[in-house]
file structure_31.pdb (PDB, C-alpha atoms, pLDDT in the B column)
ATOM      1  CA  PRO A   1     108.580  85.721 126.685  1.00 86.00           C
ATOM      2  CA  TYR A   2     111.379  87.486 128.507  1.00 89.00           C
ATOM      3  CA  PRO A   3     112.881  90.574 126.846  1.00 94.00           C
ATOM      4  CA  TYR A   4     116.517  90.745 125.753  1.00 96.00           C
ATOM      5  CA  ARG A   5     119.216  93.305 126.426  1.00 97.00           C
ATOM      6  CA  VAL A   6     121.485  93.320 123.371  1.00 98.00           C
ATOM      7  CA  SER A   7     124.886  94.957 123.802  1.00 97.00           C
ATOM      8  CA  VAL A   8     126.419  96.841 120.909  1.00 95.00           C
ATOM      9  CA  GLY A   9     129.018  94.032 120.771  1.00 95.00           C
ATOM     10  CA  GLY A  10     126.380  91.336 120.344  1.00 96.00           C
ATOM     11  CA  ASP A  11     126.166  89.952 123.871  1.00 97.00           C
ATOM     12  CA  LEU A  12     122.640  88.904 124.877  1.00 97.00           C
ATOM     13  CA  GLN A  13     121.112  89.024 128.323  1.00 96.00           C
ATOM     14  CA  MET A  14     117.629  87.639 128.875  1.00 93.00           C
ATOM     15  CA  ILE A  15     115.867  89.809 131.454  1.00 91.00           C
ATOM     16  CA  GLU A  16     113.849  87.628 133.802  1.00 85.00           C
ATOM     17  CA  LEU A  17     110.660  89.295 134.955  1.00 80.00           C
ATOM     18  CA  MET A  18     109.104  88.574 138.325  1.00 74.00           C
ATOM     19  CA  SER A  19     105.501  89.194 137.278  1.00 71.00           C
ATOM     20  CA  VAL A  20     103.016  87.915 134.737  1.00 68.00           C
ATOM     21  CA  PRO A  21     103.529  89.279 131.197  1.00 64.00           C
ATOM     22  CA  LEU A  22     101.070  91.921 130.031  1.00 59.00           C
ATOM     23  CA  GLY A  23      98.047  90.561 128.246  1.00 60.00           C
ATOM     24  CA  MET A  24      98.001  87.163 129.944  1.00 65.00           C
ATOM     25  CA  THR A  25      94.743  86.104 131.552  1.00 69.00           C
ATOM     26  CA  LEU A  26      95.093  83.983 134.676  1.00 71.00           C
ATOM     27  CA  PRO A  27      92.755  82.688 137.365  1.00 73.00           C
ATOM     28  CA  PRO A  28      91.896  85.242 140.103  1.00 76.00           C
ATOM     29  CA  GLU A  29      93.872  83.344 142.774  1.00 79.00           C
ATOM     30  CA  VAL A  30      97.143  83.937 140.891  1.00 75.00           C
ATOM     31  CA  ASP A  31      99.051  87.069 141.940  1.00 74.00           C
ATOM     32  CA  THR A  32      99.154  89.303 138.874  1.00 71.00           C
ATOM     33  CA  GLU A  33     100.423  92.450 140.588  1.00 75.00           C
ATOM     34  CA  PRO A  34     103.090  94.022 138.328  1.00 72.00           C
ATOM     35  CA  ARG A  35     106.601  94.138 139.767  1.00 75.00           C
ATOM     36  CA  GLU A  36     109.382  96.465 138.756  1.00 80.00           C
ATOM     37  CA  ALA A  37     112.331  95.177 136.752  1.00 77.00           C
ATOM     38  CA  ARG A  38     115.336  97.252 135.738  1.00 81.00           C
ATOM     39  CA  ALA A  39     117.662  96.915 132.806  1.00 82.00           C
ATOM     40  CA  PHE A  40     120.590  99.260 132.365  1.00 91.00           C
ATOM     41  CA  LEU A  41     121.564 100.059 128.806  1.00 96.00           C
ATOM     42  CA  ASP A  42     124.961 101.376 127.781  1.00 96.00           C
ATOM     43  CA  PHE A  43     125.260 103.605 124.721  1.00 97.00           C
ATOM     44  CA  GLY A  44     124.343 101.603 121.625  1.00 97.00           C
ATOM     45  CA  ASP A  45     122.633  98.809 123.577  1.00 98.00           C
ATOM     46  CA  MET A  46     119.084  97.726 122.739  1.00 98.00           C
ATOM     47  CA  LEU A  47     116.136  96.404 124.686  1.00 97.00           C
ATOM     48  CA  VAL A  48     114.051  93.936 122.637  1.00 97.00           C
ATOM     49  CA  LEU A  49     110.516  93.059 123.734  1.00 94.00           C
ATOM     50  CA  TYR A  50     108.321  90.716 121.725  1.00 94.00           C
ATOM     51  CA  SER A  51     105.113  88.718 121.935  1.00 92.00           C
ATOM     52  CA  ASP A  52     104.926  84.940 121.893  1.00 91.00           C
ATOM     53  CA  GLY A  53     103.596  85.246 118.345  1.00 93.00           C
ATOM     54  CA  VAL A  54     107.222  85.710 117.252  1.00 96.00           C
ATOM     55  CA  THR A  55     108.732  82.559 118.748  1.00 95.00           C
ATOM     56  CA  ASP A  56     105.571  80.448 118.444  1.00 94.00           C
ATOM     57  CA  MET A  57     105.234  81.132 114.712  1.00 96.00           C
ATOM     58  CA  GLN A  58     105.155  77.935 112.675  1.00 97.00           C
ATOM     59  CA  ASN A  59     106.082  77.193 109.085  1.00 97.00           C
ATOM     60  CA  ALA A  60     104.279  74.764 106.759  1.00 96.00           C
ATOM     61  CA  ALA A  61     106.333  71.857 108.187  1.00 97.00           C
ATOM     62  CA  GLY A  62     105.045  72.650 111.687  1.00 96.00           C
ATOM     63  CA  GLU A  63     108.440  73.862 112.941  1.00 97.00           C
ATOM     64  CA  PHE A  64     108.511  76.735 115.435  1.00 97.00           C
ATOM     65  CA  TYR A  65     110.560  79.914 114.925  1.00 97.00           C
ATOM     66  CA  GLU A  66     111.924  79.597 118.500  1.00 95.00           C
ATOM     67  CA  GLU A  67     114.201  81.789 120.624  1.00 96.00           C
ATOM     68  CA  ALA A  68     117.438  80.347 119.198  1.00 97.00           C
ATOM     69  CA  ARG A  69     116.678  81.685 115.725  1.00 98.00           C
ATOM     70  CA  LEU A  70     115.728  85.097 117.127  1.00 98.00           C
ATOM     71  CA  GLU A  71     118.927  85.198 119.199  1.00 98.00           C
ATOM     72  CA  VAL A  72     121.067  84.624 116.088  1.00 98.00           C
ATOM     73  CA  LEU A  73     119.492  87.655 114.399  1.00 97.00           C
ATOM     74  CA  LEU A  74     119.870  89.803 117.514  1.00 98.00           C
ATOM     75  CA  LYS A  75     123.585  88.963 117.740  1.00 98.00           C
ATOM     76  CA  GLU A  76     124.227  89.456 114.012  1.00 98.00           C
ATOM     77  CA  HIS A  77     122.522  92.875 113.962  1.00 98.00           C
ATOM     78  CA  ALA A  78     123.505  94.175 117.404  1.00 97.00           C
ATOM     79  CA  GLY A  79     125.124  97.289 115.948  1.00 96.00           C
ATOM     80  CA  ALA A  80     122.208  98.135 113.653  1.00 97.00           C
ATOM     81  CA  SER A  81     119.566 100.764 114.255  1.00 98.00           C
ATOM     82  CA  ALA A  82     116.317  99.757 115.954  1.00 98.00           C
ATOM     83  CA  ASP A  83     114.471 100.201 112.633  1.00 98.00           C
ATOM     84  CA  VAL A  84     116.877  97.921 110.779  1.00 98.00           C
ATOM     85  CA  LEU A  85     116.666  95.256 113.490  1.00 98.00           C
ATOM     86  CA  ILE A  86     112.856  95.316 113.425  1.00 98.00           C
ATOM     87  CA  ASP A  87     112.787  95.083 109.615  1.00 98.00           C
ATOM     88  CA  THR A  88     115.303  92.220 109.694  1.00 98.00           C
ATOM     89  CA  VAL A  89     113.317  90.193 112.227  1.00 98.00           C
ATOM     90  CA  ILE A  90     109.996  90.802 110.447  1.00 98.00           C
ATOM     91  CA  ASP A  91     111.505  89.860 107.066  1.00 98.00           C
ATOM     92  CA  ASP A  92     112.919  86.662 108.581  1.00 98.00           C
ATOM     93  CA  LEU A  93     109.558  85.807 110.145  1.00 98.00           C
ATOM     94  CA  VAL A  94     107.773  86.268 106.808  1.00 97.00           C
ATOM     95  CA  GLU A  95     110.373  84.139 105.008  1.00 98.00           C
ATOM     96  CA  PHE A  96     110.189  81.440 107.710  1.00 98.00           C
ATOM     97  CA  ARG A  97     106.381  81.276 107.727  1.00 97.00           C
ATOM     98  CA  ALA A  98     106.172  81.318 103.913  1.00 96.00           C
ATOM     99  CA  SER A  99     102.750  79.949 102.940  1.00 94.00           C
ATOM    100  CA  ALA A 100     101.713  78.803 106.423  1.00 96.00           C
ATOM    101  CA  ALA A 101      98.797  80.560 108.114  1.00 93.00           C
ATOM    102  CA  GLN A 102      99.585  83.173 110.745  1.00 91.00           C
ATOM    103  CA  THR A 103      97.686  82.111 113.870  1.00 91.00           C
ATOM    104  CA  ASP A 104      98.835  84.688 116.435  1.00 92.00           C
ATOM    105  CA  ASP A 105      99.624  88.373 116.604  1.00 92.00           C
ATOM    106  CA  VAL A 106     103.253  89.444 116.232  1.00 94.00           C
ATOM    107  CA  THR A 107     104.491  92.337 118.334  1.00 94.00           C
ATOM    108  CA  LEU A 108     108.098  93.533 118.377  1.00 96.00           C
ATOM    109  CA  LEU A 109     109.447  96.590 120.192  1.00 96.00           C
ATOM    110  CA  VAL A 110     113.105  97.624 120.024  1.00 98.00           C
ATOM    111  CA  ILE A 111     114.524 100.486 122.087  1.00 97.00           C
ATOM    112  CA  LYS A 112     118.093 101.623 121.386  1.00 98.00           C
ATOM    113  CA  ARG A 113     120.055 103.886 123.712  1.00 97.00           C
ATOM    114  CA  ARG A 114     121.881 106.655 121.904  1.00 92.00           C
TER
END
call {"tool": "encode", "arguments": {"input": "structure_31.pdb", "output": "structure tokens"}}
result
Amino acid sequence: PYPYRVSVGGDLQMIELMSVPLGMTLPPEVDTEPREARAFLDFGDMLVLYSDGVTDMQNAAGEFYEEARLEVLLKEHAGASADVLIDTVIDDLVEFRASAAQTDDVTLLVIKRR
């Protein structure tokens, strides 16, 4: 999944990457050479990177967590610290999944410019 730039005011910008995400295995004929991408963060802005285990998580009803739900949390907690945002997303994932089995890893990295 593409990372997000979250402004301190709650604006989201999805950062489109021009190369294959880390950890993906593709056939040898596919160009997997990493390419540089830049994101400029103003003071208080955050960069949010996450694995597909976040948005592909399913609950007992078979519903996916999806980007839209993640985006709501990112907007609501744009002014929070990176630690608080991570805890909020993880708590929401646990509540959403409830008793359903976790079938993929979940990785979440939040960087906040001070």
call {"tool": "resolve_selection", "arguments": {"input": "structure_31.pdb", "expression": "the PyMOL selection byres ((chain A and resi 1-15) around 7)", "output": "PyMOL selection string"}}
result
chain A and resi 16-17+44-52+75-76+78-79
call {"tool": "atom_distance", "arguments": {"input": "structure_31.pdb", "atom1": "atom CA of A:Gln58", "atom2": "atom CA of A:Ala100"}}
result
7.2 Å
call {"tool": "atom_distance", "arguments": {"input": "structure_31.pdb", "atom1": "atom CA of A:Asp104", "atom2": "atom CA of A:Thr55"}}
result
10.4 Å
call {"tool": "resolve_selection", "arguments": {"input": "structure_31.pdb", "expression": "the PyMOL selection byres ((chain A and resi 85) around 12)", "output": "ChimeraX atom specification"}}
result
/A:6,46-48,70-84,86-92,108-112
call {"tool": "atom_distance", "arguments": {"input": "structure_31.pdb", "atom1": "atom CA of A:Ala60", "atom2": "atom CA of A:Thr107"}}
result
21.0 Å
call {"tool": "resolve_selection", "arguments": {"input": "structure_31.pdb", "expression": "the PyMOL selection byres ((chain A and resi 65) around 9)", "output": "PyMOL selection string"}}
result
chain A and resi 54-59+63-64+66-70+93+96-97
